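Source file: protein_30.pdb. Holds: PDB, C-alpha atoms and all ligand atoms.
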MODEL        1
ATOM      1  CA  MET L  70       2.222  36.197   2.921
ATOM      2  CA  THR L  71       2.137  35.331   6.610
ATOM      3  CA  HIS L  72       0.425  32.477   8.341
ATOM      4  CA  GLU L  73      -1.995  34.851  10.046
ATOM      5  CA  ILE L  74      -3.620  35.636   6.706
ATOM      6  CA  HIS L  75      -4.152  31.908   6.084
ATOM      7  CA  LYS L  76      -5.960  31.381   9.374
ATOM      8  CA  ASN L  77      -9.656  31.228  10.032
ATOM      9  CA  PRO L  78     -10.130  34.160  12.461
ATOM     10  CA  THR L  79     -13.016  32.458  14.250
ATOM     11  CA  ASN L  80     -11.239  29.108  14.615
ATOM     12  CA  PRO L  81      -7.459  29.424  14.074
ATOM     13  CA  GLN L  82      -6.777  25.754  14.875
ATOM     14  CA  GLN L  83      -9.753  24.337  12.982
ATOM     15  CA  PHE L  84      -7.810  21.380  11.525
ATOM     16  CA  LYS L  85      -5.961  20.358  14.696
ATOM     17  CA  GLY L  86      -5.664  16.572  14.881
ATOM     18  CA  LYS L  87      -6.328  16.078  11.164
ATOM     19  CA  THR L  88      -3.886  14.463   8.768
ATOM     20  CA  VAL L  89      -3.854  16.084   5.348
ATOM     21  CA  VAL L  90      -2.169  14.637   2.251
ATOM     22  CA  ILE L  91      -1.511  17.067  -0.608
ATOM     23  CA  THR L  92      -0.335  15.647  -3.915
ATOM     24  CA  GLY L  93       1.753  18.042  -5.988
ATOM     25  CA  GLY L  94       2.292  19.773  -2.645
ATOM     26  CA  GLY L  95       5.600  21.227  -3.800
ATOM     27  CA  GLY L  96       3.847  23.315  -6.491
ATOM     28  CA  VAL L  97       2.881  26.956  -6.398
ATOM     29  CA  LEU L  98      -0.811  26.634  -5.516
ATOM     30  CA  CYS L  99      -0.571  23.485  -3.404
ATOM     31  CA  SER L 100       2.351  24.675  -1.296
ATOM     32  CA  THR L 101       0.211  27.667  -0.280
ATOM     33  CA  MET L 102      -2.647  25.294   0.592
ATOM     34  CA  ALA L 103      -0.222  23.107   2.553
ATOM     35  CA  GLU L 104       1.055  26.073   4.563
ATOM     36  CA  ALA L 105      -2.490  27.201   5.273
ATOM     37  CA  MET L 106      -3.629  23.774   6.478
ATOM     38  CA  ALA L 107      -0.515  23.418   8.670
ATOM     39  CA  GLY L 108      -1.080  26.934  10.013
ATOM     40  CA  SER L 109      -4.544  25.800  11.086
ATOM     41  CA  GLY L 110      -3.234  22.880  13.106
ATOM     42  CA  ALA L 111      -3.200  20.018  10.574
ATOM     43  CA  ARG L 112      -0.356  17.533  10.137
ATOM     44  CA  VAL L 113       0.457  17.889   6.467
ATOM     45  CA  ALA L 114       2.115  15.340   4.176
ATOM     46  CA  ILE L 115       3.542  16.958   1.058
ATOM     47  CA  LEU L 116       3.523  14.227  -1.589
ATOM     48  CA  ASP L 117       5.444  15.162  -4.729
ATOM     49  CA  LEU L 118       7.396  13.600  -7.570
ATOM     50  CA  LYS L 119      10.218  15.957  -6.604
ATOM     51  CA  PRO L 120      11.180  15.292  -2.975
ATOM     52  CA  GLU L 121      13.480  18.321  -2.881
ATOM     53  CA  VAL L 122      10.656  20.775  -3.606
ATOM     54  CA  ALA L 123       8.414  18.980  -1.115
ATOM     55  CA  GLN L 124      11.167  19.310   1.500
ATOM     56  CA  GLN L 125      11.421  23.061   0.896
ATOM     57  CA  VAL L 126       7.718  23.424   1.695
ATOM     58  CA  VAL L 127       8.129  21.243   4.787
ATOM     59  CA  ASP L 128      11.047  23.373   5.969
ATOM     60  CA  GLN L 129       8.962  26.528   5.605
ATOM     61  CA  ILE L 130       6.088  24.983   7.543
ATOM     62  CA  ARG L 131       8.378  23.720  10.327
ATOM     63  CA  ASP L 132      10.093  27.118  10.574
ATOM     64  CA  ARG L 133       6.679  28.493  11.498
ATOM     65  CA  GLY L 134       6.051  25.799  14.069
ATOM     66  CA  GLY L 135       3.801  23.592  11.908
ATOM     67  CA  GLU L 136       3.882  19.823  11.454
ATOM     68  CA  ALA L 137       4.782  18.545   7.989
ATOM     69  CA  LEU L 138       6.440  15.658   6.209
ATOM     70  CA  ALA L 139       7.906  15.431   2.703
ATOM     71  CA  VAL L 140       6.946  12.218   0.922
ATOM     72  CA  GLU L 141       8.234  11.201  -2.468
ATOM     73  CA  GLY L 142       5.428   9.794  -4.601
ATOM     74  CA  ASN L 143       4.182   9.482  -8.159
ATOM     75  CA  VAL L 144       0.418   9.941  -8.514
ATOM     76  CA  LEU L 145       0.520   7.658 -11.579
ATOM     77  CA  ASP L 146       2.027   4.683  -9.789
ATOM     78  CA  LEU L 147       0.041   2.728  -7.189
ATOM     79  CA  LYS L 148       3.157   1.045  -5.761
ATOM     80  CA  SER L 149       4.787   4.413  -5.169
ATOM     81  CA  LEU L 150       1.556   5.707  -3.602
ATOM     82  CA  ASN L 151       1.338   2.652  -1.389
ATOM     83  CA  LYS L 152       4.867   3.284  -0.108
ATOM     84  CA  ALA L 153       4.064   6.971   0.434
ATOM     85  CA  HIS L 154       0.895   5.967   2.310
ATOM     86  CA  SER L 155       2.912   3.766   4.690
ATOM     87  CA  GLU L 156       5.262   6.671   5.429
ATOM     88  CA  VAL L 157       2.357   9.014   6.110
ATOM     89  CA  SER L 158       0.562   6.474   8.341
ATOM     90  CA  LYS L 159       3.708   5.852  10.354
ATOM     91  CA  ALA L 160       4.365   9.547  10.945
ATOM     92  CA  PHE L 161       0.849  11.001  11.189
ATOM     93  CA  GLY L 162      -1.710   8.159  11.310
ATOM     94  CA  PRO L 163      -4.634   7.790   8.897
ATOM     95  CA  CYS L 164      -5.469  10.455   6.318
ATOM     96  CA  HIS L 165      -8.563  12.638   6.932
ATOM     97  CA  ILE L 166      -8.231  15.048   4.023
ATOM     98  CA  LEU L 167      -6.770  14.342   0.588
ATOM     99  CA  ILE L 168      -6.061  17.259  -1.742
ATOM    100  CA  ASN L 169      -5.436  15.984  -5.271
ATOM    101  CA  GLY L 170      -3.295  18.866  -6.448
ATOM    102  CA  ALA L 171      -0.832  17.278  -8.896
ATOM    103  CA  GLY L 172      -1.817  18.268 -12.411
ATOM    104  CA  GLY L 173      -0.813  20.287 -15.393
ATOM    105  CA  ASN L 174      -0.569  20.620 -19.157
ATOM    106  CA  HIS L 175       1.957  19.521 -21.811
ATOM    107  CA  PRO L 176       3.119  21.441 -24.905
ATOM    108  CA  LYS L 177       2.426  18.378 -27.087
ATOM    109  CA  GLY L 178      -1.278  18.589 -26.232
ATOM    110  CA  THR L 179      -1.439  22.267 -27.232
ATOM    111  CA  THR L 180      -2.127  23.926 -30.615
ATOM    112  CA  SER L 181      -0.139  27.040 -31.610
ATOM    113  CA  LYS L 182      -3.160  29.004 -32.721
ATOM    114  CA  THR L 183      -6.668  29.530 -31.412
ATOM    115  CA  GLU L 184      -8.355  28.845 -34.797
ATOM    116  CA  PHE L 185      -7.590  26.502 -37.648
ATOM    117  CA  ASN L 186      -6.327  28.148 -40.821
ATOM    118  CA  ILE L 187      -5.821  26.060 -43.941
ATOM    119  CA  ALA L 188      -2.561  27.902 -44.726
ATOM    120  CA  ASP L 189      -1.057  26.475 -41.521
ATOM    121  CA  LEU L 190      -0.972  23.022 -43.126
ATOM    122  CA  GLU L 191       1.874  24.335 -45.314
ATOM    123  CA  ALA L 192       3.787  25.803 -42.346
ATOM    124  CA  LYS L 193       4.950  22.318 -41.267
ATOM    125  CA  ASP L 194       6.997  22.513 -38.032
ATOM    126  CA  ALA L 195       6.392  26.229 -37.481
ATOM    127  CA  VAL L 196       2.755  25.711 -36.417
ATOM    128  CA  THR L 197       1.148  22.927 -34.370
ATOM    129  CA  THR L 198      -2.317  22.476 -35.814
ATOM    130  CA  PHE L 199      -5.036  20.185 -34.510
ATOM    131  CA  PHE L 200      -3.715  17.543 -36.927
ATOM    132  CA  ASP L 201      -0.234  17.672 -35.364
ATOM    133  CA  LEU L 202      -1.351  17.038 -31.777
ATOM    134  CA  ASP L 203       0.685  14.181 -30.386
ATOM    135  CA  PRO L 204      -1.355  11.328 -28.834
ATOM    136  CA  GLU L 205       1.426  10.765 -26.312
ATOM    137  CA  GLY L 206       1.253  14.403 -25.192
ATOM    138  CA  ILE L 207      -2.516  14.154 -24.865
ATOM    139  CA  GLN L 208      -2.278  10.909 -22.937
ATOM    140  CA  PHE L 209       0.294  12.457 -20.599
ATOM    141  CA  VAL L 210      -2.150  15.246 -19.737
ATOM    142  CA  PHE L 211      -5.127  12.910 -19.251
ATOM    143  CA  ASN L 212      -3.048  10.603 -17.102
ATOM    144  CA  LEU L 213      -1.551  13.317 -14.907
ATOM    145  CA  ASN L 214      -4.846  15.101 -14.235
ATOM    146  CA  PHE L 215      -7.405  12.282 -14.229
ATOM    147  CA  ILE L 216      -5.542   9.057 -13.376
ATOM    148  CA  GLY L 217      -3.376  11.188 -11.075
ATOM    149  CA  THR L 218      -6.545  12.087  -9.154
ATOM    150  CA  LEU L 219      -8.070   8.611  -9.210
ATOM    151  CA  LEU L 220      -5.080   6.577  -7.957
ATOM    152  CA  PRO L 221      -4.234   8.675  -4.868
ATOM    153  CA  THR L 222      -7.939   8.588  -4.017
ATOM    154  CA  GLN L 223      -7.959   4.780  -4.252
ATOM    155  CA  GLU L 224      -4.949   4.721  -1.957
ATOM    156  CA  PHE L 225      -5.849   7.291   0.710
ATOM    157  CA  ALA L 226      -9.670   7.136   0.789
ATOM    158  CA  ARG L 227      -9.382   3.698   2.400
ATOM    159  CA  ASP L 228      -8.331   5.535   5.582
ATOM    160  CA  MET L 229     -11.480   7.654   5.533
ATOM    161  CA  ILE L 230     -14.214   5.029   5.333
ATOM    162  CA  GLY L 231     -16.584   5.315   8.286
ATOM    163  CA  ARG L 232     -14.608   8.096  10.006
ATOM    164  CA  GLU L 233     -15.848  11.576  10.883
ATOM    165  CA  GLY L 234     -14.867  14.740   9.053
ATOM    166  CA  CYS L 235     -13.153  13.254   6.001
ATOM    167  CA  SER L 236     -12.957  15.024   2.673
ATOM    168  CA  ILE L 237     -11.418  14.766  -0.753
ATOM    169  CA  ILE L 238     -10.637  17.969  -2.632
ATOM    170  CA  ASN L 239      -9.891  17.713  -6.340
ATOM    171  CA  ILE L 240      -8.426  20.532  -8.392
ATOM    172  CA  SER L 241     -10.353  21.283 -11.552
ATOM    173  CA  SER L 242     -10.077  24.435 -13.666
ATOM    174  CA  MET L 243     -12.019  27.050 -15.643
ATOM    175  CA  ASN L 244     -11.563  24.987 -18.785
ATOM    176  CA  ALA L 245     -13.692  22.219 -17.288
ATOM    177  CA  PHE L 246     -16.757  24.488 -17.628
ATOM    178  CA  ARG L 247     -15.915  25.644 -21.154
ATOM    179  CA  PRO L 248     -12.734  24.614 -22.989
ATOM    180  CA  LEU L 249     -10.036  27.227 -23.360
ATOM    181  CA  THR L 250      -8.541  27.725 -26.808
ATOM    182  CA  LYS L 251      -5.289  25.909 -27.669
ATOM    183  CA  ILE L 252      -5.385  23.375 -24.814
ATOM    184  CA  PRO L 253      -7.820  20.576 -25.750
ATOM    185  CA  ALA L 254      -6.067  17.910 -23.699
ATOM    186  CA  TYR L 255      -5.918  19.930 -20.485
ATOM    187  CA  SER L 256      -9.517  21.106 -20.965
ATOM    188  CA  GLY L 257     -10.801  17.554 -21.493
ATOM    189  CA  ALA L 258      -8.767  16.181 -18.613
ATOM    190  CA  LYS L 259     -10.024  18.807 -16.148
ATOM    191  CA  ALA L 260     -13.607  18.223 -17.357
ATOM    192  CA  ALA L 261     -12.999  14.587 -16.427
ATOM    193  CA  VAL L 262     -11.809  15.685 -12.965
ATOM    194  CA  SER L 263     -15.022  17.695 -12.413
ATOM    195  CA  ASN L 264     -17.164  14.821 -13.652
ATOM    196  CA  PHE L 265     -15.307  12.330 -11.430
ATOM    197  CA  THR L 266     -15.775  14.650  -8.448
ATOM    198  CA  GLN L 267     -19.540  14.374  -8.868
ATOM    199  CA  TRP L 268     -19.427  10.636  -9.492
ATOM    200  CA  LEU L 269     -17.302   9.951  -6.414
ATOM    201  CA  ALA L 270     -19.376  12.282  -4.235
ATOM    202  CA  VAL L 271     -22.433  10.163  -4.999
ATOM    203  CA  HIS L 272     -20.513   6.909  -4.595
ATOM    204  CA  PHE L 273     -19.153   7.853  -1.149
ATOM    205  CA  ALA L 274     -22.111   9.881   0.103
ATOM    206  CA  LYS L 275     -23.132   7.297   2.704
ATOM    207  CA  SER L 276     -19.548   6.375   3.625
ATOM    208  CA  GLY L 277     -18.888   9.682   5.380
ATOM    209  CA  ILE L 278     -16.517  11.029   2.739
ATOM    210  CA  ARG L 279     -17.353  14.313   1.040
ATOM    211  CA  VAL L 280     -15.838  14.939  -2.383
ATOM    212  CA  ASN L 281     -15.635  18.448  -3.820
ATOM    213  CA  ALA L 282     -13.440  20.353  -6.231
ATOM    214  CA  MET L 283     -11.984  23.809  -6.516
ATOM    215  CA  ALA L 284     -11.763  25.357  -9.984
ATOM    216  CA  PRO L 285      -9.112  28.071  -9.899
ATOM    217  CA  GLY L 286      -9.373  30.763 -12.535
ATOM    218  CA  PHE L 287      -6.157  32.280 -13.804
ATOM    219  CA  PHE L 288      -3.273  32.278 -11.395
ATOM    220  CA  LEU L 289       0.119  33.362 -12.657
ATOM    221  CA  THR L 290       2.381  30.353 -12.033
ATOM    222  CA  GLU L 291       5.343  28.663 -13.719
ATOM    223  CA  GLN L 292       2.867  26.433 -15.614
ATOM    224  CA  ASN L 293       1.383  29.351 -17.556
ATOM    225  CA  ARG L 294       3.777  32.287 -17.088
ATOM    226  CA  THR L 295       5.071  32.240 -20.685
ATOM    227  CA  LEU L 296       1.503  31.955 -22.040
ATOM    228  CA  LEU L 297       0.304  34.970 -20.069
ATOM    229  CA  THR L 298       3.292  37.300 -19.755
ATOM    230  CA  GLU L 299       6.202  38.457 -21.911
ATOM    231  CA  ASP L 300       9.810  38.362 -20.661
ATOM    232  CA  ASP L 301       9.476  41.986 -19.476
ATOM    233  CA  GLY L 302       6.417  41.124 -17.363
ATOM    234  CA  SER L 303       3.859  42.805 -19.647
ATOM    235  CA  LEU L 304       0.789  40.805 -20.680
ATOM    236  CA  THR L 305       0.676  38.666 -23.838
ATOM    237  CA  ASP L 306      -2.422  38.913 -26.048
ATOM    238  CA  ARG L 307      -3.811  35.887 -24.209
ATOM    239  CA  GLY L 308      -3.045  37.539 -20.860
ATOM    240  CA  HIS L 309      -4.931  40.674 -21.973
ATOM    241  CA  THR L 310      -7.888  38.563 -23.127
ATOM    242  CA  ILE L 311      -8.048  36.809 -19.758
ATOM    243  CA  ILE L 312      -7.913  39.998 -17.723
ATOM    244  CA  GLY L 313     -10.499  41.515 -20.071
ATOM    245  CA  HIS L 314     -12.802  38.576 -19.306
ATOM    246  CA  THR L 315     -12.223  38.630 -15.558
ATOM    247  CA  PRO L 316     -14.710  41.071 -14.028
ATOM    248  CA  MET L 317     -12.443  41.614 -11.010
ATOM    249  CA  GLY L 318      -9.679  42.650 -13.435
ATOM    250  CA  ARG L 319      -6.709  40.707 -12.070
ATOM    251  CA  PHE L 320      -5.066  37.282 -11.904
ATOM    252  CA  GLY L 321      -5.668  35.199  -8.798
ATOM    253  CA  GLU L 322      -3.138  34.987  -5.972
ATOM    254  CA  PRO L 323      -2.581  31.533  -4.425
ATOM    255  CA  GLU L 324      -3.955  32.905  -1.114
ATOM    256  CA  ASP L 325      -7.304  33.492  -2.855
ATOM    257  CA  LEU L 326      -7.883  29.714  -2.713
ATOM    258  CA  ILE L 327      -7.606  29.371   1.036
ATOM    259  CA  GLY L 328     -11.035  30.532   2.195
ATOM    260  CA  THR L 329     -12.731  28.045  -0.140
ATOM    261  CA  LEU L 330     -10.320  25.277   0.890
ATOM    262  CA  PHE L 331     -11.088  25.842   4.589
ATOM    263  CA  TRP L 332     -14.813  25.922   3.889
ATOM    264  CA  LEU L 333     -14.799  22.724   1.804
ATOM    265  CA  CYS L 334     -12.629  20.813   4.307
ATOM    266  CA  GLY L 335     -14.379  22.124   7.411
ATOM    267  CA  GLU L 336     -17.602  21.655   9.353
ATOM    268  CA  GLY L 337     -19.257  24.625   7.635
ATOM    269  CA  SER L 338     -19.781  22.572   4.471
ATOM    270  CA  LYS L 339     -20.816  19.289   6.106
ATOM    271  CA  PHE L 340     -23.919  18.988   3.836
ATOM    272  CA  VAL L 341     -21.954  19.937   0.691
ATOM    273  CA  THR L 342     -20.646  17.245  -1.621
ATOM    274  CA  GLY L 343     -20.144  16.977  -5.376
ATOM    275  CA  VAL L 344     -19.647  20.685  -6.072
ATOM    276  CA  VAL L 345     -16.981  22.366  -8.182
ATOM    277  CA  VAL L 346     -16.367  25.862  -6.815
ATOM    278  CA  PRO L 347     -14.972  28.475  -9.224
ATOM    279  CA  ILE L 348     -12.396  30.799  -7.640
ATOM    280  CA  ASP L 349     -12.002  33.005 -10.644
ATOM    281  CA  GLY L 350     -12.806  36.679 -10.032
ATOM    282  CA  GLY L 351     -16.069  36.177 -11.946
ATOM    283  CA  PHE L 352     -14.508  34.747 -15.156
ATOM    284  CA  SER L 353     -16.975  31.855 -15.455
ATOM    285  CA  ALA L 354     -19.981  34.126 -14.824
ATOM    286  CA  PHE L 355     -19.105  36.676 -17.509
ATOM    287  CA  SER L 356     -20.516  36.203 -21.006
ATOM    288  CA  GLY L 357     -18.037  38.662 -22.503
ATOM    289  CA  VAL L 358     -20.758  41.275 -23.220
TER     290      VAL L 358
HETATM  291  P1  LIG T   1       2.731  23.430 -10.302
HETATM  292  O1  LIG T   1       3.193  23.044 -11.675
HETATM  293  O2  LIG T   1       3.338  24.620  -9.620
HETATM  294  O3  LIG T   1       2.938  22.184  -9.331
HETATM  295  C1  LIG T   1       2.629  20.882  -9.666
HETATM  296  C2  LIG T   1       3.381  19.954  -8.709
HETATM  297  O4  LIG T   1       2.993  18.627  -9.028
HETATM  298  C3  LIG T   1       4.908  20.046  -8.878
HETATM  299  O5  LIG T   1       5.538  20.209  -7.623
HETATM  300  C4  LIG T   1       5.280  18.699  -9.505
HETATM  301  O6  LIG T   1       6.542  18.213  -9.107
HETATM  302  C5  LIG T   1       4.153  17.809  -9.006
HETATM  303  N1  LIG T   1       3.943  16.657  -9.876
HETATM  304  C6  LIG T   1       3.938  16.625 -11.230
HETATM  305  N2  LIG T   1       3.734  15.368 -11.668
HETATM  306  C7  LIG T   1       3.578  14.599 -10.562
HETATM  307  C8  LIG T   1       3.351  13.214 -10.362
HETATM  308  N3  LIG T   1       3.239  12.358 -11.394
HETATM  309  N4  LIG T   1       3.256  12.755  -9.099
HETATM  310  C9  LIG T   1       3.390  13.599  -8.037
HETATM  311  N5  LIG T   1       3.608  14.919  -8.171
HETATM  312  C10 LIG T   1       3.705  15.409  -9.425
HETATM  313  O7  LIG T   1       1.161  23.516 -10.407
HETATM  314  P2  LIG T   1       0.163  24.628  -9.856
HETATM  315  O8  LIG T   1       0.152  25.761 -10.801
HETATM  316  O9  LIG T   1       0.424  24.868  -8.405
HETATM  317  O10 LIG T   1      -1.231  23.873 -10.022
HETATM  318  C11 LIG T   1      -1.758  22.985  -9.029
HETATM  319  C12 LIG T   1      -3.063  22.414  -9.558
HETATM  320  O11 LIG T   1      -3.948  23.477  -9.899
HETATM  321  C13 LIG T   1      -2.889  21.586 -10.837
HETATM  322  O12 LIG T   1      -3.810  20.520 -10.805
HETATM  323  C14 LIG T   1      -3.260  22.557 -11.925
HETATM  324  O13 LIG T   1      -3.672  21.894 -13.087
HETATM  325  C15 LIG T   1      -4.377  23.316 -11.246
HETATM  326  N6  LIG T   1      -4.690  24.638 -11.780
HETATM  327  C16 LIG T   1      -3.730  25.599 -11.892
HETATM  328  C17 LIG T   1      -4.103  26.854 -12.377
HETATM  329  C18 LIG T   1      -3.098  27.952 -12.514
HETATM  330  O14 LIG T   1      -3.488  29.039 -12.963
HETATM  331  N7  LIG T   1      -1.858  27.719 -12.132
HETATM  332  C19 LIG T   1      -5.418  27.109 -12.733
HETATM  333  C20 LIG T   1      -6.357  26.105 -12.610
HETATM  334  C21 LIG T   1      -5.983  24.875 -12.108
ENDMDL
END
Would you mind writing the file out in structure tokens?
Ligand code: NAD
Amino acid sequence: MTHEIHKNPTNPQQFKGKTVVITGGGGVLCSTMAEAMAGSGARVAILDLKPEVAQQVVDQIRDRGGEALAVEGNVLDLKSLNKAHSEVSKAFGPCHILINGAGGNHPKGTTSKTEFNIADLEAKDAVTTFFDLDPEGIQFVFNLNFIGTLLPTQEFARDMIGREGCSIINISSMNAFRPLTKIPAYSGAKAAVSNFTQWLAVHFAKSGIRVNAMAPGFFLTEQNRTLLTEDDGSLTDRGHTIIGHTPMGRFGEPEDLIGTLFWLCGEGSKFVTGVVVPIDGGFSAFSGV
């Protein structure tokens, strides 16, 4: 995918002069968002637990003439975020746009089957039932998605108070609207992200900071590849169910997020705050009948 596709045709440099911080910026979806923001003139800080993946994204952006910086940071650790913030401020000045992208699921917060069956209690280790869910796995997922959204916001939103054109973008999910089978922890944690988006939008409404969220539908990434596809690339039963419930009949591509990202971060949405926008090919609108 080239930079041209990521650009707003009516205003190709619409984020010139803005500093954007993207947590989890080394990941599949957020690296595409980072490239798009850089391609539209922003200075982009890629904050990630894994500095080497962040650096790869930075290298790609710089190869195309964009401005980017890799910053090592843990969204669950305020000290680490504070250090990352200093590095960003030194290189690019105060943050205008924060994209809270770090997030994900954990196998220990996931049941093996969609429905409980009493016979599974006898299966012991072969099946993870509701009763086997590990509190530590569940806590990991709540921390990464919810606390991992709250702490970077505490750190970087300080830069935005009383300044023009500042925005926070959280990343929610389809399962925040209605939980998906098997993944109670991830569903609950993303519901918390959507709820927090609304709470913070109200809290900051008069401080000049808009707070919105994007809720991607089903995008084939490393996080869910084995859930949705077999080794030979064909769809699993779950993959078939998803495509069958997606009126547009396909998985999302990371580039599908960019138009909404530009809209939510730009002037065109200056009276929009507290919304969670589904980018899902119609999944959340379809009743299944
Ligand atoms: P990904 O797994 O490709 O990338 C996540 C990135 O976050 C990785 O680079 C990882 O190193 C980083 N990270 C993990 N823990 C961190 C921490 N503690 N501190 C800092 N960085 C950390 O994820 P993705 O598929 O690109 O998803 C991005 C966001 O979109 C996530 O919030 C995810 O839950 C959400 N989402 C994804 C999908 C999908 O279909 N992939 C759908 C809906 C929502």
*ligand LIG 1 (chain T): which residues are within 7 Å, counting all atoms listed in the file, as a PyMOL selection string?*
chain L and resi 92-99+116-119+122+142-145+170-174+213-214+217+240-243+284-293
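Taking CA of Pro163 in chain L and CA of Ile91 in chain L as the two end points, the separation is 13.6 Å.
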Quick one: which residues end up in the PyMOL selection byres (((chain L and resi 236) around 10) and not hetatm) for this structure, as a PDB file with C-alpha atoms, in the frame of the given file?
ATOM      1  CA  VAL L  89      -3.854  16.084   5.348  1.00  0.00           C
ATOM      2  CA  CYS L 164      -5.469  10.455   6.318  1.00  0.00           C
ATOM      3  CA  HIS L 165      -8.563  12.638   6.932  1.00  0.00           C
ATOM      4  CA  ILE L 166      -8.231  15.048   4.023  1.00  0.00           C
ATOM      5  CA  LEU L 167      -6.770  14.342   0.588  1.00  0.00           C
ATOM      6  CA  ILE L 168      -6.061  17.259  -1.742  1.00  0.00           C
ATOM      7  CA  ALA L 226      -9.670   7.136   0.789  1.00  0.00           C
ATOM      8  CA  MET L 229     -11.480   7.654   5.533  1.00  0.00           C
ATOM      9  CA  GLU L 233     -15.848  11.576  10.883  1.00  0.00           C
ATOM     10  CA  GLY L 234     -14.867  14.740   9.053  1.00  0.00           C
ATOM     11  CA  CYS L 235     -13.153  13.254   6.001  1.00  0.00           C
ATOM     12  CA  ILE L 237     -11.418  14.766  -0.753  1.00  0.00           C
ATOM     13  CA  ILE L 238     -10.637  17.969  -2.632  1.00  0.00           C
ATOM     14  CA  ASN L 239      -9.891  17.713  -6.340  1.00  0.00           C
ATOM     15  CA  ALA L 270     -19.376  12.282  -4.235  1.00  0.00           C
ATOM     16  CA  GLY L 277     -18.888   9.682   5.380  1.00  0.00           C
ATOM     17  CA  ILE L 278     -16.517  11.029   2.739  1.00  0.00           C
ATOM     18  CA  ARG L 279     -17.353  14.313   1.040  1.00  0.00           C
ATOM     19  CA  VAL L 280     -15.838  14.939  -2.383  1.00  0.00           C
ATOM     20  CA  ASN L 281     -15.635  18.448  -3.820  1.00  0.00           C
ATOM     21  CA  LEU L 333     -14.799  22.724   1.804  1.00  0.00           C
ATOM     22  CA  CYS L 334     -12.629  20.813   4.307  1.00  0.00           C
ATOM     23  CA  GLY L 335     -14.379  22.124   7.411  1.00  0.00           C
ATOM     24  CA  LYS L 339     -20.816  19.289   6.106  1.00  0.00           C
ATOM     25  CA  THR L 342     -20.646  17.245  -1.621  1.00  0.00           C
TER      26      THR L 342
END
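What the PyMOL selection byres (((chain L and resi 107) around 9) and not hetatm) grabs from this file is Phe84, Lys85, Val89, Met102, Ala103, Glu104, Ala105, Met106, Gly108, Ser109, Gly110, Ala111, Arg112, Val113, Ile130, Gly134, Gly135, Glu136 and Ala137 of chain L.
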Written file, previous selection with C-alpha atoms, as a PDB file, in the coordinates of the input:
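So the final result, stored in part.pdb, reads:
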ATOM      1  CA  PHE L  84      -7.810  21.380  11.525  1.00  0.00           C
ATOM      2  CA  LYS L  85      -5.961  20.358  14.696  1.00  0.00           C
ATOM      3  CA  VAL L  89      -3.854  16.084   5.348  1.00  0.00           C
ATOM      4  CA  MET L 102      -2.647  25.294   0.592  1.00  0.00           C
ATOM      5  CA  ALA L 103      -0.222  23.107   2.553  1.00  0.00           C
ATOM      6  CA  GLU L 104       1.055  26.073   4.563  1.00  0.00           C
ATOM      7  CA  ALA L 105      -2.490  27.201   5.273  1.00  0.00           C
ATOM      8  CA  MET L 106      -3.629  23.774   6.478  1.00  0.00           C
ATOM      9  CA  GLY L 108      -1.080  26.934  10.013  1.00  0.00           C
ATOM     10  CA  SER L 109      -4.544  25.800  11.086  1.00  0.00           C
ATOM     11  CA  GLY L 110      -3.234  22.880  13.106  1.00  0.00           C
ATOM     12  CA  ALA L 111      -3.200  20.018  10.574  1.00  0.00           C
ATOM     13  CA  ARG L 112      -0.356  17.533  10.137  1.00  0.00           C
ATOM     14  CA  VAL L 113       0.457  17.889   6.467  1.00  0.00           C
ATOM     15  CA  ILE L 130       6.088  24.983   7.543  1.00  0.00           C
ATOM     16  CA  GLY L 134       6.051  25.799  14.069  1.00  0.00           C
ATOM     17  CA  GLY L 135       3.801  23.592  11.908  1.00  0.00           C
ATOM     18  CA  GLU L 136       3.882  19.823  11.454  1.00  0.00           C
ATOM     19  CA  ALA L 137       4.782  18.545   7.989  1.00  0.00           C
TER      20      ALA L 137
END
_For a test of reading the model, state the distance in Å between CA of Ala114 in chain L and CA of Asn151 in chain L, rounded to one decimal._
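Calculated distance between CA of Ala114 in chain L and CA of Asn151 in chain L is 13.9 Å.
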